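Q: If it helps, the file is called data-v9.cif and holds mmCIF, C-alpha atoms:
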data_data
#
loop_
_atom_site.group_PDB
_atom_site.id
_atom_site.type_symbol
_atom_site.label_atom_id
_atom_site.label_comp_id
_atom_site.auth_asym_id
_atom_site.auth_seq_id
_atom_site.Cartn_x
_atom_site.Cartn_y
_atom_site.Cartn_z
ATOM 1 C CA MET U 56 -13.562 89.524 -69.781
ATOM 2 C CA THR U 57 -16.342 87.624 -71.504
ATOM 3 C CA THR U 58 -19.866 86.758 -70.567
ATOM 4 C CA PRO U 59 -19.921 83.443 -68.651
ATOM 5 C CA GLY U 60 -19.954 80.462 -70.967
ATOM 6 C CA THR U 61 -19.457 82.456 -74.178
ATOM 7 C CA THR U 62 -16.660 82.183 -76.687
ATOM 8 C CA PRO U 63 -14.626 85.353 -77.244
ATOM 9 C CA THR U 64 -14.487 86.555 -80.847
ATOM 10 C CA THR U 65 -12.834 89.978 -80.569
ATOM 11 C CA PRO U 66 -9.299 90.430 -81.941
ATOM 12 C CA SER U 67 -7.971 91.184 -78.447
ATOM 13 C CA THR U 68 -8.727 87.633 -77.309
ATOM 14 C CA ALA U 69 -7.751 85.802 -80.508
ATOM 15 C CA GLY U 70 -5.197 83.077 -79.871
ATOM 16 C CA ARG U 71 -5.485 83.201 -76.077
ATOM 17 C CA LYS U 72 -5.946 80.048 -74.039
ATOM 18 C CA ARG U 73 -9.256 80.061 -72.188
ATOM 19 C CA VAL U 74 -9.545 78.764 -68.630
ATOM 20 C CA LEU U 75 -12.996 77.881 -67.321
ATOM 21 C CA VAL U 76 -13.694 78.891 -63.713
ATOM 22 C CA VAL U 77 -16.722 77.000 -62.405
ATOM 23 C CA VAL U 78 -18.579 79.133 -59.849
ATOM 24 C CA PRO U 79 -20.404 76.812 -57.432
ATOM 25 C CA PHE U 80 -23.675 78.744 -57.127
ATOM 26 C CA ALA U 81 -26.244 80.030 -59.578
ATOM 27 C CA MET U 82 -26.113 83.829 -59.437
ATOM 28 C CA SER U 83 -26.740 87.150 -61.144
ATOM 29 C CA ALA U 84 -24.213 88.897 -63.381
ATOM 30 C CA GLU U 85 -23.682 91.473 -60.617
ATOM 31 C CA ASN U 86 -22.751 88.855 -58.050
ATOM 32 C CA LEU U 87 -20.676 86.974 -60.604
ATOM 33 C CA ALA U 88 -18.582 90.130 -61.035
ATOM 34 C CA LEU U 89 -17.596 89.858 -57.364
ATOM 35 C CA ARG U 90 -16.176 86.422 -58.131
ATOM 36 C CA GLN U 91 -14.385 87.688 -61.232
ATOM 37 C CA ALA U 92 -12.730 90.337 -59.065
ATOM 38 C CA GLN U 93 -10.379 87.613 -57.813
ATOM 39 C CA LEU U 94 -8.391 88.282 -60.988
ATOM 40 C CA GLN U 95 -7.558 91.809 -59.846
ATOM 41 C CA GLY U 96 -4.210 92.473 -58.264
ATOM 42 C CA ILE U 97 -2.466 89.343 -59.553
ATOM 43 C CA ALA U 98 -0.156 89.123 -62.547
ATOM 44 C CA LEU U 99 -1.327 86.488 -65.011
ATOM 45 C CA SER U 100 -0.088 85.673 -68.472
ATOM 46 C CA PRO U 101 -1.741 87.796 -71.172
ATOM 47 C CA GLU U 102 -2.055 84.563 -73.133
ATOM 48 C CA LEU U 103 -4.727 83.342 -70.701
ATOM 49 C CA GLU U 104 -8.366 84.360 -70.496
ATOM 50 C CA PHE U 105 -10.487 83.302 -67.513
ATOM 51 C CA VAL U 106 -14.179 82.672 -68.172
ATOM 52 C CA PHE U 107 -16.403 82.422 -65.088
ATOM 53 C CA ARG U 108 -19.441 80.142 -65.373
ATOM 54 C CA PRO U 109 -22.020 79.606 -62.604
ATOM 55 C CA VAL U 110 -23.523 76.166 -62.121
ATOM 56 C CA LYS U 111 -27.098 75.557 -63.280
ATOM 57 C CA ALA U 112 -28.296 74.522 -59.833
ATOM 58 C CA GLY U 113 -26.719 73.397 -56.603
ATOM 59 C CA PRO U 114 -26.853 73.602 -52.814
ATOM 60 C CA VAL U 115 -27.773 76.861 -51.119
ATOM 61 C CA ASN U 116 -24.592 76.659 -49.052
ATOM 62 C CA TYR U 117 -21.749 74.264 -48.268
ATOM 63 C CA SER U 118 -22.429 73.426 -44.646
ATOM 64 C CA SER U 119 -23.178 69.687 -44.541
ATOM 65 C CA HIS U 120 -22.468 66.427 -46.352
ATOM 66 C CA HIS U 121 -25.882 66.809 -48.013
ATOM 67 C CA ASP U 122 -24.502 69.940 -49.668
ATOM 68 C CA PHE U 123 -21.229 68.293 -50.669
ATOM 69 C CA VAL U 124 -22.993 65.651 -52.787
ATOM 70 C CA LEU U 125 -25.050 68.259 -54.626
ATOM 71 C CA ALA U 126 -21.962 70.438 -55.092
ATOM 72 C CA ASP U 127 -19.971 67.612 -56.660
ATOM 73 C CA ALA U 128 -22.731 66.979 -59.196
ATOM 74 C CA ALA U 129 -23.295 70.673 -59.964
ATOM 75 C CA ASN U 130 -19.628 71.514 -60.507
ATOM 76 C CA PHE U 131 -18.958 68.318 -62.433
ATOM 77 C CA GLU U 132 -21.781 69.054 -64.846
ATOM 78 C CA ALA U 133 -20.721 72.669 -65.353
ATOM 79 C CA GLY U 134 -17.207 71.694 -66.397
ATOM 80 C CA CYS U 135 -17.390 68.221 -67.918
ATOM 81 C CA LYS U 136 -17.601 69.480 -71.528
ATOM 82 C CA ALA U 137 -14.866 72.111 -71.079
ATOM 83 C CA GLN U 138 -12.375 70.291 -73.284
ATOM 84 C CA GLU U 139 -14.902 69.935 -76.107
ATOM 85 C CA GLU U 140 -15.666 73.650 -75.767
ATOM 86 C CA GLY U 141 -12.031 74.513 -76.380
ATOM 87 C CA PHE U 142 -10.936 75.400 -72.858
ATOM 88 C CA ALA U 143 -7.308 74.752 -71.954
ATOM 89 C CA ALA U 144 -7.909 74.159 -68.231
ATOM 90 C CA VAL U 145 -10.552 74.254 -65.490
ATOM 91 C CA CYS U 146 -10.560 75.828 -62.028
ATOM 92 C CA ILE U 147 -13.229 75.220 -59.387
ATOM 93 C CA ASP U 148 -14.150 78.333 -57.392
ATOM 94 C CA THR U 149 -14.622 76.676 -53.999
ATOM 95 C CA ILE U 150 -12.099 75.544 -51.435
ATOM 96 C CA SER U 151 -14.106 72.326 -51.057
ATOM 97 C CA ASP U 152 -12.690 71.246 -54.454
ATOM 98 C CA SER U 153 -16.146 69.853 -55.225
ATOM 99 C CA GLY U 154 -16.174 68.142 -58.603
ATOM 100 C CA VAL U 155 -12.411 68.257 -59.129
ATOM 101 C CA ALA U 156 -11.809 64.503 -58.958
ATOM 102 C CA ALA U 157 -14.743 63.714 -61.252
ATOM 103 C CA LEU U 158 -13.640 66.315 -63.798
ATOM 104 C CA ARG U 159 -10.108 64.939 -63.784
ATOM 105 C CA ALA U 160 -11.548 61.541 -64.682
ATOM 106 C CA VAL U 161 -13.202 62.812 -67.885
ATOM 107 C CA LEU U 162 -10.897 65.661 -68.981
ATOM 108 C CA ASP U 163 -7.342 65.548 -70.283
ATOM 109 C CA ILE U 164 -6.845 69.276 -69.670
ATOM 110 C CA PRO U 165 -5.601 70.241 -66.184
ATOM 111 C CA VAL U 166 -8.204 70.684 -63.444
ATOM 112 C CA PHE U 167 -7.377 72.465 -60.185
ATOM 113 C CA GLY U 168 -9.295 73.328 -57.048
ATOM 114 C CA PRO U 169 -8.156 75.934 -54.518
ATOM 115 C CA GLY U 170 -8.433 73.697 -51.437
ATOM 116 C CA ARG U 171 -5.712 71.133 -51.991
ATOM 117 C CA THR U 172 -3.618 73.739 -53.815
ATOM 118 C CA ALA U 173 -3.751 76.090 -50.813
ATOM 119 C CA VAL U 174 -2.855 73.404 -48.265
ATOM 120 C CA LEU U 175 0.104 72.059 -50.212
ATOM 121 C CA THR U 176 1.400 75.544 -50.972
ATOM 122 C CA ALA U 177 1.138 76.468 -47.284
ATOM 123 C CA LEU U 178 3.566 73.648 -46.528
ATOM 124 C CA MET U 179 6.084 75.146 -48.940
ATOM 125 C CA LEU U 180 5.936 78.420 -46.994
ATOM 126 C CA GLY U 181 5.913 77.163 -43.409
ATOM 127 C CA ASP U 182 5.606 74.070 -41.243
ATOM 128 C CA ARG U 183 2.061 74.529 -39.865
ATOM 129 C CA PHE U 184 -0.943 76.449 -41.116
ATOM 130 C CA SER U 185 -4.368 77.594 -39.915
ATOM 131 C CA PHE U 186 -7.614 78.254 -41.737
ATOM 132 C CA LEU U 187 -9.414 81.546 -41.173
ATOM 133 C CA THR U 188 -13.098 81.004 -41.774
ATOM 134 C CA MET U 189 -16.448 82.704 -41.455
ATOM 135 C CA SER U 190 -18.304 79.913 -39.679
ATOM 136 C CA SER U 191 -17.645 76.699 -37.771
ATOM 137 C CA ARG U 192 -20.213 75.095 -40.083
ATOM 138 C CA TRP U 193 -17.478 75.067 -42.748
ATOM 139 C CA LYS U 194 -15.113 72.910 -40.688
ATOM 140 C CA PRO U 195 -16.148 69.653 -42.442
ATOM 141 C CA LEU U 196 -14.772 71.132 -45.690
ATOM 142 C CA TYR U 197 -11.306 71.414 -44.195
ATOM 143 C CA LYS U 198 -11.539 68.043 -42.474
ATOM 144 C CA LYS U 199 -12.323 66.422 -45.827
ATOM 145 C CA ALA U 200 -9.250 67.967 -47.460
ATOM 146 C CA LEU U 201 -6.989 67.072 -44.539
ATOM 147 C CA ASP U 202 -8.367 63.516 -44.445
ATOM 148 C CA GLU U 203 -7.580 63.036 -48.128
ATOM 149 C CA LEU U 204 -4.081 64.476 -47.795
ATOM 150 C CA GLY U 205 -3.259 62.906 -44.421
ATOM 151 C CA LEU U 206 -2.175 66.292 -43.091
ATOM 152 C CA HIS U 207 -4.187 66.875 -39.929
ATOM 153 C CA HIS U 208 -0.929 67.079 -37.981
ATOM 154 C CA LYS U 209 0.128 70.094 -40.056
ATOM 155 C CA CYS U 210 -3.051 72.081 -39.390
ATOM 156 C CA ALA U 211 -2.552 74.243 -36.311
ATOM 157 C CA SER U 212 -6.200 75.305 -36.077
ATOM 158 C CA VAL U 213 -9.391 76.434 -37.745
ATOM 159 C CA ARG U 214 -10.338 79.882 -36.478
ATOM 160 C CA ALA U 215 -13.941 80.909 -37.176
ATOM 161 C CA ILE U 216 -15.346 84.409 -36.612
ATOM 162 C CA GLU U 217 -18.962 83.119 -36.599
ATOM 163 C CA VAL U 218 -20.331 85.658 -39.075
ATOM 164 C CA PRO U 219 -22.980 84.223 -41.438
ATOM 165 C CA PRO U 220 -21.347 83.742 -44.854
ATOM 166 C CA ASP U 221 -22.895 85.193 -48.009
ATOM 167 C CA ASN U 222 -22.020 83.249 -51.151
ATOM 168 C CA GLN U 223 -23.687 85.851 -53.365
ATOM 169 C CA ALA U 224 -22.609 89.322 -52.132
ATOM 170 C CA LEU U 225 -19.494 87.904 -50.409
ATOM 171 C CA LEU U 226 -18.027 90.451 -47.956
ATOM 172 C CA SER U 227 -19.339 93.542 -49.753
ATOM 173 C CA GLY U 228 -20.738 96.087 -47.290
ATOM 174 C CA LYS U 229 -19.384 94.167 -44.307
ATOM 175 C CA GLU U 230 -15.716 95.053 -44.620
ATOM 176 C CA GLU U 231 -15.536 97.314 -41.549
ATOM 177 C CA ASP U 232 -17.013 94.610 -39.349
ATOM 178 C CA VAL U 233 -15.501 91.471 -40.832
ATOM 179 C CA PHE U 234 -11.919 92.461 -41.671
ATOM 180 C CA PRO U 235 -10.902 93.323 -38.073
ATOM 181 C CA LEU U 236 -12.495 90.095 -36.824
ATOM 182 C CA LEU U 237 -10.483 88.080 -39.318
ATOM 183 C CA GLU U 238 -7.323 89.950 -38.364
ATOM 184 C CA ALA U 239 -7.900 89.185 -34.674
ATOM 185 C CA ALA U 240 -8.581 85.520 -35.468
ATOM 186 C CA GLY U 241 -5.391 85.396 -37.528
ATOM 187 C CA ARG U 242 -3.322 86.796 -34.672
ATOM 188 C CA ARG U 243 -4.730 84.183 -32.290
ATOM 189 C CA ALA U 244 -3.916 81.444 -34.792
ATOM 190 C CA ILE U 245 -0.321 82.681 -34.967
ATOM 191 C CA GLU U 246 0.271 83.527 -31.305
ATOM 192 C CA GLU U 247 -1.795 80.830 -29.578
ATOM 193 C CA ASP U 248 -1.951 77.973 -32.086
ATOM 194 C CA GLY U 249 1.482 78.211 -33.677
ATOM 195 C CA ALA U 250 0.382 78.865 -37.261
ATOM 196 C CA GLU U 251 3.181 79.928 -39.602
ATOM 197 C CA VAL U 252 0.908 80.369 -42.637
ATOM 198 C CA LEU U 253 -2.762 81.356 -42.850
ATOM 199 C CA ILE U 254 -5.274 80.180 -45.462
ATOM 200 C CA LEU U 255 -8.495 82.044 -46.203
ATOM 201 C CA GLY U 256 -11.150 79.409 -45.650
ATOM 202 C CA SER U 257 -13.232 80.268 -48.700
ATOM 203 C CA THR U 258 -12.904 81.940 -52.076
ATOM 204 C CA THR U 259 -15.866 84.053 -50.913
ATOM 205 C CA MET U 260 -13.455 85.744 -48.501
ATOM 206 C CA HIS U 261 -11.030 86.964 -51.162
ATOM 207 C CA GLN U 262 -11.900 90.630 -50.581
ATOM 208 C CA SER U 263 -10.170 90.474 -47.189
ATOM 209 C CA HIS U 264 -6.828 89.279 -48.519
ATOM 210 C CA ALA U 265 -5.116 92.623 -49.142
ATOM 211 C CA TRP U 266 -6.170 93.925 -45.714
ATOM 212 C CA LEU U 267 -4.928 90.853 -43.864
ATOM 213 C CA SER U 268 -1.683 90.525 -45.814
ATOM 214 C CA LYS U 269 -0.664 94.047 -44.820
ATOM 215 C CA ARG U 270 -1.413 93.509 -41.123
ATOM 216 C CA LEU U 271 -0.413 89.955 -40.261
ATOM 217 C CA PRO U 272 3.213 88.815 -39.899
ATOM 218 C CA VAL U 273 2.871 85.527 -41.828
ATOM 219 C CA PRO U 274 1.906 84.623 -45.418
ATOM 220 C CA VAL U 275 -1.845 84.730 -46.077
ATOM 221 C CA ILE U 276 -2.958 82.473 -48.923
ATOM 222 C CA ASN U 277 -5.813 83.608 -51.164
ATOM 223 C CA PRO U 278 -6.960 80.225 -52.535
ATOM 224 C CA GLY U 279 -8.771 81.269 -55.727
ATOM 225 C CA PRO U 280 -5.984 83.342 -57.313
ATOM 226 C CA LEU U 281 -3.467 80.708 -56.224
ATOM 227 C CA SER U 282 -5.355 78.096 -58.270
ATOM 228 C CA TYR U 283 -5.213 80.406 -61.317
ATOM 229 C CA LYS U 284 -1.444 80.662 -60.963
ATOM 230 C CA MET U 285 -1.220 76.891 -60.607
ATOM 231 C CA VAL U 286 -3.100 76.487 -63.884
ATOM 232 C CA GLU U 287 -0.780 79.009 -65.510
ATOM 233 C CA ALA U 288 2.236 76.993 -64.341
ATOM 234 C CA ALA U 289 0.748 73.648 -65.398
ATOM 235 C CA LEU U 290 -0.048 74.929 -68.884
ATOM 236 C CA GLY U 291 3.398 76.470 -69.216
ATOM 237 C CA LEU U 292 5.067 73.222 -68.191
ATOM 238 C CA GLY U 293 2.762 70.920 -70.135
ATOM 239 C CA LEU U 294 1.485 69.188 -67.005
ATOM 240 C CA THR U 295 -1.920 67.693 -66.290
ATOM 241 C CA GLN U 296 -3.437 65.154 -63.914
ATOM 242 C CA SER U 297 -2.301 61.525 -63.967
ATOM 243 C CA ARG U 298 -4.515 59.189 -65.964
ATOM 244 C CA VAL U 299 -3.340 56.399 -63.655
ATOM 245 C CA GLY U 300 -4.455 58.389 -60.626
ATOM 246 C CA TYR U 301 -7.707 59.474 -62.291
ATOM 247 C CA PRO U 302 -8.768 56.661 -64.654
ATOM 248 C CA ARG U 303 -11.471 57.307 -67.213
ATOM 249 C CA PRO U 304 -14.955 55.925 -66.491
ATOM 250 C CA MET U 305 -15.728 52.637 -68.225
ATOM 251 C CA HIS U 306 -19.105 54.041 -69.287
ATOM 252 C CA ASP U 307 -19.634 57.765 -68.835
ATOM 253 C CA ARG U 308 -23.145 59.076 -68.207
ATOM 254 C CA LEU U 309 -22.546 62.727 -68.980
ATOM 255 C CA ASP U 310 -25.764 63.078 -70.987
ATOM 256 C CA MET U 311 -27.668 61.791 -67.968
ATOM 257 C CA LEU U 312 -25.810 64.266 -65.774
ATOM 258 C CA HIS U 313 -26.708 67.163 -68.083
ATOM 259 C CA ALA U 314 -30.358 66.089 -68.089
ATOM 260 C CA MET U 315 -30.399 65.911 -64.297
ATOM 261 C CA MET U 316 -28.938 69.364 -63.832
ATOM 262 C CA THR U 317 -31.119 70.935 -66.538
ATOM 263 C CA ALA U 318 -34.174 69.499 -64.787
ATOM 264 C CA ALA U 319 -32.882 70.774 -61.448
ATOM 265 C CA GLN U 320 -32.391 74.248 -62.934
ATOM 266 C CA ALA U 321 -35.960 74.267 -64.233
ATOM 267 C CA ALA U 322 -37.323 73.006 -60.915
ATOM 268 C CA VAL U 323 -35.505 75.690 -58.926
ATOM 269 C CA ALA U 324 -36.663 78.398 -61.353
ATOM 270 C CA GLY U 325 -40.262 77.175 -61.076
ATOM 271 C CA LYS U 326 -40.138 77.205 -57.307
ATOM 272 C CA ALA U 327 -38.719 80.747 -57.340
#
Rewrite the structure from the file as structure tokens, please.

A:
Amino acid sequence: MTTPGTTPTTPSTAGRKRVLVVVPFAMSAENLALRQAQLQGIALSPELEFVFRPVKAGPVNYSSHHDFVLADAANFEAGCKAQEEGFAAVCIDTISDSGVAALRAVLDIPVFGPGRTAVLTALMLGDRFSFLTMSSRWKPLYKKALDELGLHHKCASVRAIEVPPDNQALLSGKEEDVFPLLEAAGRRAIEEDGAEVLILGSTTMHQSHAWLSKRLPVPVINPGPLSYKMVEAALGLGLTQSRVGYPRPMHDRLDMLHAMMTAAQAAVAGKA
């Protein structure tokens, strides 16, 4: 695994296709490793290498429409030059899919977010699904995805355990408290709401997936790794987003976008 944003030069990575994973928060290398851990436990083609890159600056959390606008800009900027940099595909490491549509408009390589991917996959595994989430403040994220897909009638519920989310340390150190709460919420979604499939409501919750999958009687979707497998399939099949569905901008302002985010990065660093 390479340092975020760097190009591998060792013989072991020669000839491999690189996939950029845009991490939606600025963070330390230690916290970034917790995001990279999503690669563990899933079988991916040895021809692929996933490079995780944090954004320069962005919202502190994803809990309001104020945050969604900043997230779109931050993720868009972090990935908009991916094709020029030699990446074969891009994944966005947030179930909000922030920046996905904009990136699809400027890149020919496939771009996937875990939100829409998780919802549509859930409907291949069952008829109705529920989100398991840390906080009710995240509900607008799921509403946005369901609005765009027209699938509110397929969502059985959103079950929140009301534990403050941590987008840096994720669930580390809180496993004994959080995992049983998520399991109990999952059982209520199945038994009371009629869910046939469960979706983890954030890629920050990926550490709970193995625990929940062993204890709950329905499929539990881990959105981040699912998006990596979707990229693997798209590259193998030669598929990418529709240029009709995602037309190119008439006049791109990517240099302006880079300048904005570089200035934001400097401003945040100065305030810190």

Q: Write out as a compact mmCIF listing (two decimals) with C-alpha atoms, in the coordinates of the input which residues come within 12 Å of U:Leu312 when counting only C-alpha atoms, dropping same-chain ones fewer than 3 positions away.

A:
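File result_33.txt, as written:
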# COMPACT_ATOMS: atom_id res chain seq x y z
CA LYS U 111 -27.10 75.56 -63.28
CA LEU U 125 -25.05 68.26 -54.63
CA ASP U 127 -19.97 67.61 -56.66
CA ALA U 128 -22.73 66.98 -59.20
CA ALA U 129 -23.30 70.67 -59.96
CA ASN U 130 -19.63 71.51 -60.51
CA PHE U 131 -18.96 68.32 -62.43
CA GLU U 132 -21.78 69.05 -64.85
CA ALA U 133 -20.72 72.67 -65.35
CA GLY U 134 -17.21 71.69 -66.40
CA CYS U 135 -17.39 68.22 -67.92
CA LYS U 136 -17.60 69.48 -71.53
CA ALA U 157 -14.74 63.71 -61.25
CA ASP U 307 -19.63 57.76 -68.83
CA ARG U 308 -23.14 59.08 -68.21
CA LEU U 309 -22.55 62.73 -68.98
CA MET U 315 -30.40 65.91 -64.30
CA MET U 316 -28.94 69.36 -63.83
CA THR U 317 -31.12 70.94 -66.54
CA ALA U 318 -34.17 69.50 -64.79
CA ALA U 319 -32.88 70.77 -61.45

Q: Could you name the residues that touch stretch 148-150 of chain U at 7 Å or less, counting all atoms listed in the file, but leaving out those on the same chain fewer than 5 positions away, as a ChimeraX atom specification?

A: /U:76-79,168-170,257-258,279

Q: Between atom CA of U:Leu294 and atom CA of U:Ala88, what distance in Å does the model show, to one decimal?

A: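 Computing the Euclidean distance for atom CA of U:Leu294 and atom CA of U:Ala88 yields 29.6 Å.
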
Q: Quote the spacing between atom CA of U:Lys326 and atom CA of U:Phe80 in Å to one decimal place.

A: 16.5 Å

Q: Need the shell around U:Pro272: protein/DNA/RNA residues with any atom at most 12 Å away, counting only C-alpha atoms. Skip same-chain ones fewer than 2 positions apart. Format as number ranges by chain?

A: U: 238, 241-246, 250-253, 267-270, 274-275

Q: Pull out every residue that the PyMOL selection byres ((chain U and resi 198) around 12) matches in the shown coordinates and put them as a list in words.

A: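 For this structure, the PyMOL selection byres ((chain U and resi 198) around 12) resolves to Ser119, His120, Ile150, Ser151, Gly170, Arg171, Val174, Phe186, Ser191, Arg192, Trp193, Lys194, Pro195, Leu196, Tyr197, Lys199, Ala200, Leu201, Asp202, Glu203, Leu204, Gly205, Leu206, His207, His208, Cys210, Ser212, Val213 and Gly256 of chain U.
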
Q: Given the choices U:Leu162, U:Ala98, U:Met260, U:Met305, which gets closest to U:Glu140 if the distance is worked out from all atoms listed in the file?

A: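 Using all atoms listed in the file, the shortest distance to U:Glu140 belongs to U:Leu162.
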
Q: Counting all atoms listed in the file, figure out which residue out of U:Gln262, U:Gln296, U:Ser282, U:Leu271 gets nearest to U:Gly96.

A: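 Between U:Gln262, U:Gln296, U:Ser282, U:Leu271, the residue approaching U:Gly96 most closely is U:Gln262.
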
Q: Once the PyMOL selection byres ((chain U and resi 145) around 7) is applied to the coordinates I shared, what remains selected? I want it as a PyMOL selection string.

A: chain U and resi 74-76+144+146-147+165-167

Q: Is there a way to get, as a PyMOL selection string, all residues within 12 Å of the point (-13.1, 88.5, -56.3) in file coordinates, counting only C-alpha atoms?

A: chain U and resi 78+85-97+107+148+222-227+257-265+277-280

Q: So how many Å separate atom CA of U:Pro109 and atom CA of U:Ala81, to one decimal?

A: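 Here the two named atoms are 5.2 Å from each other.
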